Amino acid sequence: MIYQEFQPDIRLIDLVKCYWWFDHSGAEHHHYTILPDGCFDLLVHFKNGALNEVSLTGLWTKQVEVTIDSNTQIFGVRFKLLAVDNIFRHSIASVCDSELKLENDYWQVQRNNFSELHSTVGFFNNTMIRILERSKAFDEKKQKLFSLLYQSNGGLTIEDYSQQVFWSARQINRYFSQRFGLSLKVYCNILKCAASYPNLQQGRLYPEENYFDQSHFIKALKKHTGSSPGELSSDKNDRFLQLHTLKDK
């Protein structure tokens, strides 16, 4: 299995976390568990080198089991939530914990040569920059909210976020529910879990921040990943895809 990540253009830094490429050219099937990470993805699937499917995931609030067939490649765009308003301009609430199949010519991806990954990154950079050039300016309130969320890994209280962006908690929760299909509190819990993955991958089983104690940490992880800190850390058979790919960074 080959996994690579690529950084977006600086103009997209608030919208795109990274681009990624997954290549499983072996003959056997692989089974993985995808863990919630607070992002959603545009996925371009290939089978034996030919474009097979384009899809959009929603946010994951719990683990999802996937099987990767032999000779499969996937190019992904891992989006931050601000991209919903500024790139897609429609709600993704209906695909929370699910995946939506798109047309294979979505964003004219069929015109791109995915065998050259750096040019592929350039293709998606240019596509989204053109969309932004036709968009309204970013909503400063939302931009500040997401900046705080990512900087704090969801570790502040709902009231803290509300006060710092001058946006009522009720309005923020309505926005999250309508646009993403979950509450701000649930999203914060997902960010806190995701922030612990690098430590777990390195064998550190105790929370370094954002949790009252070990029992709180275990309960939160089990709720969103289905596994205990020890199970995640041991990662038997490289089951947890995000933890497995951290080894290559």
# chains A, B, ... in the order shown; residues from 1 in each chain; ligands from 1
$ residues_around --residues "Ser55 (chain A)" --least-positions-apart "5" --cutoff "10 Å" --atoms "only C-alpha atoms" --output "PDB file with N, CA and C atoms, in the first residue's frame"
ATOM      1  N   ASP A  41     -14.520  14.422   2.427  1.00  0.00           N
ATOM      2  CA  ASP A  41     -13.627  14.159   1.303  1.00  0.00           C
ATOM      3  C   ASP A  41     -14.355  14.061  -0.031  1.00  0.00           C
ATOM      4  N   LEU A  42     -13.694  14.562  -1.063  1.00  0.00           N
ATOM      5  CA  LEU A  42     -14.042  14.257  -2.445  1.00  0.00           C
ATOM      6  C   LEU A  42     -13.112  13.133  -2.877  1.00  0.00           C
ATOM      7  N   LEU A  43     -13.681  12.032  -3.375  1.00  0.00           N
ATOM      8  CA  LEU A  43     -12.900  10.844  -3.701  1.00  0.00           C
ATOM      9  C   LEU A  43     -13.018  10.512  -5.186  1.00  0.00           C
ATOM     10  N   VAL A  44     -11.880  10.267  -5.819  1.00  0.00           N
ATOM     11  CA  VAL A  44     -11.852   9.821  -7.206  1.00  0.00           C
ATOM     12  C   VAL A  44     -11.269   8.408  -7.201  1.00  0.00           C
ATOM     13  N   HIS A  45     -12.118   7.421  -7.515  1.00  0.00           N
ATOM     14  CA  HIS A  45     -11.746   6.007  -7.429  1.00  0.00           C
ATOM     15  C   HIS A  45     -11.296   5.485  -8.787  1.00  0.00           C
ATOM     16  N   GLY A  76      -7.859  11.687  -3.189  1.00  0.00           N
ATOM     17  CA  GLY A  76      -8.813  12.346  -2.309  1.00  0.00           C
ATOM     18  C   GLY A  76      -8.457  13.799  -2.046  1.00  0.00           C
ATOM     19  N   GLU A  99     -21.942   8.389   2.076  1.00  0.00           N
ATOM     20  CA  GLU A  99     -21.179   8.799   0.900  1.00  0.00           C
ATOM     21  C   GLU A  99     -22.137   8.966  -0.274  1.00  0.00           C
ATOM     22  N   LEU A 100     -21.927  10.003  -1.070  1.00  0.00           N
ATOM     23  CA  LEU A 100     -22.793  10.313  -2.195  1.00  0.00           C
ATOM     24  C   LEU A 100     -22.024  10.114  -3.499  1.00  0.00           C
ATOM     25  N   LYS A 101     -22.575   9.299  -4.392  1.00  0.00           N
ATOM     26  CA  LYS A 101     -21.941   9.102  -5.694  1.00  0.00           C
ATOM     27  C   LYS A 101     -22.231  10.296  -6.587  1.00  0.00           C
ATOM     28  N   LEU A 102     -21.192  10.795  -7.261  1.00  0.00           N
ATOM     29  CA  LEU A 102     -21.312  11.929  -8.170  1.00  0.00           C
ATOM     30  C   LEU A 102     -21.107  11.453  -9.613  1.00  0.00           C
ATOM     31  N   GLU A 103     -21.363  12.338 -10.561  1.00  0.00           N
ATOM     32  CA  GLU A 103     -21.082  12.021 -11.951  1.00  0.00           C
ATOM     33  C   GLU A 103     -19.574  11.900 -12.161  1.00  0.00           C
ATOM     34  N   ASN A 104     -19.164  11.014 -13.053  1.00  0.00           N
ATOM     35  CA  ASN A 104     -17.737  10.810 -13.280  1.00  0.00           C
ATOM     36  C   ASN A 104     -17.045  12.015 -13.908  1.00  0.00           C
ATOM     37  N   TYR A 106     -17.601  15.065 -12.791  1.00  0.00           N
ATOM     38  CA  TYR A 106     -17.683  16.134 -11.792  1.00  0.00           C
ATOM     39  C   TYR A 106     -16.376  16.932 -11.800  1.00  0.00           C
TER      40      TYR A 106
END
$ residues_around --residues "Ser168 (chain A)" --least-positions-apart "4" --cutoff "12 Å" --atoms "only C-alpha atoms" --output "MDAnalysis selection string"
chainID A and resid 141 145 158:164 172:175 184
$ closest_residue --among "A:Ser215, A:Ser183, A:Asn153, A:Asn86" --to "Met128 (chain A)" --atoms "only C-alpha atoms"
A:Asn86
$ atom_distance --atom1 "CA of Asp238 (chain A)" --atom2 "CA of Val95 (chain A)"
27.1 Å
$ select_by_dssp --residues "region 66-170 of chain A" --states "strand (DSSP E or B)" --output "ChimeraX atom specification"
/A:66-68,72-79,99-102
$ select_by_dssp --residues "region 12-236 of chain A" --states "helix (DSSP H, G or I)" --output "number ranges by chain"
A: 12, 82-88, 93-95, 106-111, 117-133, 140-152, 158-165, 169-180, 184-201, 214-225, 229-234, 236
$ write_last_selection --atoms "C-alpha atoms" --output "mmCIF file, in the first residue's frame"
data_model
loop_
_atom_site.group_PDB
_atom_site.id
_atom_site.type_symbol
_atom_site.label_atom_id
_atom_site.label_comp_id
_atom_site.auth_asym_id
_atom_site.auth_seq_id
_atom_site.Cartn_x
_atom_site.Cartn_y
_atom_site.Cartn_z
ATOM 1 C CA LEU A 12 -6.963 27.291 -0.185
ATOM 2 C CA LEU A 82 -15.477 26.153 5.494
ATOM 3 C CA ALA A 83 -15.355 24.562 2.018
ATOM 4 C CA VAL A 84 -19.037 23.666 2.310
ATOM 5 C CA ASP A 85 -20.010 27.340 2.052
ATOM 6 C CA ASN A 86 -17.217 28.605 -0.181
ATOM 7 C CA ILE A 87 -16.615 25.720 -2.608
ATOM 8 C CA PHE A 88 -19.696 23.503 -2.710
ATOM 9 C CA ALA A 93 -26.008 17.326 6.239
ATOM 10 C CA SER A 94 -27.803 14.605 4.272
ATOM 11 C CA VAL A 95 -24.567 12.651 3.769
ATOM 12 C CA TYR A 106 -17.683 16.134 -11.792
ATOM 13 C CA TRP A 107 -15.338 19.140 -11.991
ATOM 14 C CA GLN A 108 -14.258 17.622 -15.329
ATOM 15 C CA VAL A 109 -11.933 15.205 -13.520
ATOM 16 C CA GLN A 110 -11.936 12.912 -16.562
ATOM 17 C CA ARG A 111 -9.791 15.489 -18.353
ATOM 18 C CA LEU A 117 0.154 13.490 -8.997
ATOM 19 C CA HIS A 118 1.748 16.940 -8.808
ATOM 20 C CA SER A 119 -0.109 18.066 -11.929
ATOM 21 C CA THR A 120 -3.274 16.532 -10.445
ATOM 22 C CA VAL A 121 -2.823 18.668 -7.335
ATOM 23 C CA GLY A 122 -2.394 21.676 -9.617
ATOM 24 C CA PHE A 123 -5.592 20.754 -11.467
ATOM 25 C CA PHE A 124 -7.637 20.720 -8.240
ATOM 26 C CA ASN A 125 -5.940 23.857 -6.915
ATOM 27 C CA ASN A 126 -6.825 25.737 -10.100
ATOM 28 C CA THR A 127 -10.369 24.368 -10.187
ATOM 29 C CA MET A 128 -11.140 25.563 -6.667
ATOM 30 C CA ILE A 129 -9.346 28.888 -7.046
ATOM 31 C CA ARG A 130 -11.548 29.618 -10.080
ATOM 32 C CA ILE A 131 -14.620 28.808 -7.968
ATOM 33 C CA LEU A 132 -13.397 31.176 -5.238
ATOM 34 C CA GLU A 133 -12.848 33.965 -7.751
ATOM 35 C CA GLU A 140 -15.443 36.551 8.731
ATOM 36 C CA LYS A 141 -17.512 35.201 11.614
ATOM 37 C CA LYS A 142 -17.440 31.662 10.239
ATOM 38 C CA GLN A 143 -13.786 31.949 9.271
ATOM 39 C CA LYS A 144 -12.869 32.964 12.819
ATOM 40 C CA LEU A 145 -15.000 30.186 14.318
ATOM 41 C CA PHE A 146 -13.295 27.474 12.282
ATOM 42 C CA SER A 147 -9.869 28.954 12.933
ATOM 43 C CA LEU A 148 -10.561 28.728 16.681
ATOM 44 C CA LEU A 149 -11.934 25.198 16.372
ATOM 45 C CA TYR A 150 -8.847 23.903 14.566
ATOM 46 C CA GLN A 151 -6.375 25.806 16.744
ATOM 47 C CA SER A 152 -7.971 24.474 19.927
ATOM 48 C CA ILE A 158 -19.412 26.112 23.291
ATOM 49 C CA GLU A 159 -19.845 29.367 25.222
ATOM 50 C CA ASP A 160 -16.176 30.261 24.670
ATOM 51 C CA TYR A 161 -16.527 29.868 20.901
ATOM 52 C CA SER A 162 -19.787 31.818 20.947
ATOM 53 C CA GLN A 163 -18.320 34.747 22.857
ATOM 54 C CA GLN A 164 -15.122 34.934 20.829
ATOM 55 C CA VAL A 165 -16.880 35.102 17.460
ATOM 56 C CA ALA A 169 -24.587 29.246 20.597
ATOM 57 C CA ARG A 170 -28.112 28.611 19.319
ATOM 58 C CA GLN A 171 -27.283 30.131 15.918
ATOM 59 C CA ILE A 172 -24.004 28.198 15.677
ATOM 60 C CA ASN A 173 -25.748 24.915 16.457
ATOM 61 C CA ARG A 174 -28.481 25.657 13.908
ATOM 62 C CA TYR A 175 -25.785 26.358 11.309
ATOM 63 C CA PHE A 176 -23.929 23.117 12.113
ATOM 64 C CA SER A 177 -27.108 21.051 12.037
ATOM 65 C CA GLN A 178 -28.313 22.501 8.742
ATOM 66 C CA ARG A 179 -24.956 22.499 6.942
ATOM 67 C CA PHE A 180 -23.166 19.449 8.354
ATOM 68 C CA LEU A 184 -21.070 21.924 17.399
ATOM 69 C CA LYS A 185 -20.581 19.871 20.580
ATOM 70 C CA VAL A 186 -20.387 16.611 18.637
ATOM 71 C CA TYR A 187 -17.986 18.186 16.169
ATOM 72 C CA CYS A 188 -15.750 19.386 19.007
ATOM 73 C CA ASN A 189 -15.688 15.868 20.443
ATOM 74 C CA ILE A 190 -14.616 14.499 17.058
ATOM 75 C CA LEU A 191 -11.796 17.059 16.789
ATOM 76 C CA LYS A 192 -10.579 16.126 20.268
ATOM 77 C CA CYS A 193 -10.529 12.445 19.370
ATOM 78 C CA ALA A 194 -8.709 13.122 16.099
ATOM 79 C CA ALA A 195 -6.073 15.201 17.910
ATOM 80 C CA SER A 196 -5.223 12.148 20.009
ATOM 81 C CA TYR A 197 -4.467 9.844 17.046
ATOM 82 C CA PRO A 198 -0.785 10.832 16.634
ATOM 83 C CA ASN A 199 -0.147 10.215 20.347
ATOM 84 C CA LEU A 200 -1.933 6.861 20.226
ATOM 85 C CA GLN A 201 0.069 5.846 17.175
ATOM 86 C CA GLN A 214 -8.581 8.688 31.549
ATOM 87 C CA SER A 215 -12.122 7.326 31.886
ATOM 88 C CA HIS A 216 -13.504 10.382 30.063
ATOM 89 C CA PHE A 217 -10.916 9.840 27.325
ATOM 90 C CA ILE A 218 -11.788 6.148 26.937
ATOM 91 C CA LYS A 219 -15.520 6.825 26.826
ATOM 92 C CA ALA A 220 -15.141 9.528 24.157
ATOM 93 C CA LEU A 221 -12.855 7.405 21.977
ATOM 94 C CA LYS A 222 -15.143 4.383 22.151
ATOM 95 C CA LYS A 223 -18.143 6.512 21.220
ATOM 96 C CA HIS A 224 -16.568 7.848 18.025
ATOM 97 C CA THR A 225 -14.089 5.100 17.068
ATOM 98 C CA PRO A 229 -6.965 3.666 23.445
ATOM 99 C CA GLY A 230 -5.079 0.370 23.721
ATOM 100 C CA GLU A 231 -6.817 -1.142 20.705
ATOM 101 C CA LEU A 232 -6.169 1.944 18.638
ATOM 102 C CA SER A 233 -2.537 2.145 19.698
ATOM 103 C CA SER A 234 -1.773 -1.518 18.947
ATOM 104 C CA LYS A 236 -3.372 -4.895 14.819
#
$ atom_distance --atom1 "CA of Ile10 (chain A)" --atom2 "CA of Asn210 (chain A)"
29.2 Å
$ atom_distance --atom1 "CA of Arg89 (chain A)" --atom2 "CA of Leu15 (chain A)"
12.5 Å
$ residues_around --residues "His31 (chain A)" --least-positions-apart "4" --cutoff "8 Å" --atoms "only C-alpha atoms" --output "PDB file with N, CA and C atoms, in the first residue's frame"
ATOM      1  N   GLU A  65     -16.285   0.783   8.405  1.00  0.00           N
ATOM      2  CA  GLU A  65     -15.476  -0.315   7.888  1.00  0.00           C
ATOM      3  C   GLU A  65     -15.498  -0.278   6.363  1.00  0.00           C
ATOM      4  N   VAL A  66     -14.325  -0.381   5.743  1.00  0.00           N
ATOM      5  CA  VAL A  66     -14.242  -0.360   4.283  1.00  0.00           C
ATOM      6  C   VAL A  66     -13.368  -1.525   3.810  1.00  0.00           C
ATOM      7  N   THR A  67     -13.658  -1.987   2.619  1.00  0.00           N
ATOM      8  CA  THR A  67     -12.844  -3.009   1.967  1.00  0.00           C
ATOM      9  C   THR A  67     -12.275  -2.415   0.683  1.00  0.00           C
ATOM     10  N   ILE A  68     -10.960  -2.463   0.551  1.00  0.00           N
ATOM     11  CA  ILE A  68     -10.284  -1.964  -0.635  1.00  0.00           C
ATOM     12  C   ILE A  68      -9.957  -3.152  -1.528  1.00  0.00           C
ATOM     13  N   ARG A 239      -5.077  -2.039  10.918  1.00  0.00           N
ATOM     14  CA  ARG A 239      -6.518  -1.926  10.669  1.00  0.00           C
ATOM     15  C   ARG A 239      -6.987  -0.479  10.512  1.00  0.00           C
TER      16      ARG A 239
END
$ closest_residue --among "A:Leu35, A:Pro8, A:Gly155, A:Gly226" --to "Gln242 (chain A)" --atoms "only C-alpha atoms"
A:Leu35
$ closest_residue --among "A:Phe79, A:Ser91, A:Asp69, A:Lys47" --to "Tyr32 (chain A)" --atoms "only C-alpha atoms"
A:Asp69
$ residues_around --residues "Leu59 (chain A)" --least-positions-apart "3" --cutoff "6 Å" --atoms "only C-alpha atoms" --output "JSON list (two decimals) with N, CA and C atoms, in the first residue's frame"
[["chain", "number", "residue", "atom", "x", "y", "z"],
["A", 40, "PHE", "N", -14.32, 16.22, 5.56],
["A", 40, "PHE", "CA", -15.07, 15.43, 4.58],
["A", 40, "PHE", "C", -14.24, 15.38, 3.31],
["A", 96, "CYS", "N", -24.14, 12.98, 6.15],
["A", 96, "CYS", "CA", -23.41, 12.72, 7.39],
["A", 96, "CYS", "C", -23.38, 11.21, 7.63],
["A", 97, "ASP", "N", -22.19, 10.67, 7.89],
["A", 97, "ASP", "CA", -21.99, 9.23, 8.08],
["A", 97, "ASP", "C", -22.37, 8.42, 6.85]]
$ residues_around --residues "Trp20 (chain A)" --least-positions-apart "3" --cutoff "10 Å" --atoms "only C-alpha atoms" --output "PDB file with C-alpha atoms, in the first residue's frame"
ATOM      1  CA  TYR A   3      -0.032   6.542   0.690  1.00  0.00           C
ATOM      2  CA  GLN A   4       1.048  10.112  -0.087  1.00  0.00           C
ATOM      3  CA  GLU A   5      -0.174  13.552   0.992  1.00  0.00           C
ATOM      4  CA  PHE A   6       0.191  16.915  -0.779  1.00  0.00           C
ATOM      5  CA  GLN A   7      -0.418  20.405   0.559  1.00  0.00           C
ATOM      6  CA  LYS A  17      -6.486  20.185   4.717  1.00  0.00           C
ATOM      7  CA  LEU A  43     -12.900  10.844  -3.701  1.00  0.00           C
ATOM      8  CA  ILE A  74      -8.008   6.616  -4.812  1.00  0.00           C
ATOM      9  CA  PHE A  75      -7.223  10.314  -5.094  1.00  0.00           C
ATOM     10  CA  GLY A  76      -8.813  12.346  -2.309  1.00  0.00           C
ATOM     11  CA  VAL A  77      -9.336  15.974  -1.392  1.00  0.00           C
ATOM     12  CA  ARG A  78      -9.689  16.290   2.393  1.00  0.00           C
ATOM     13  CA  LEU A 117       0.154  13.490  -8.997  1.00  0.00           C
ATOM     14  CA  VAL A 121      -2.823  18.668  -7.335  1.00  0.00           C
TER      15      VAL A 121
END
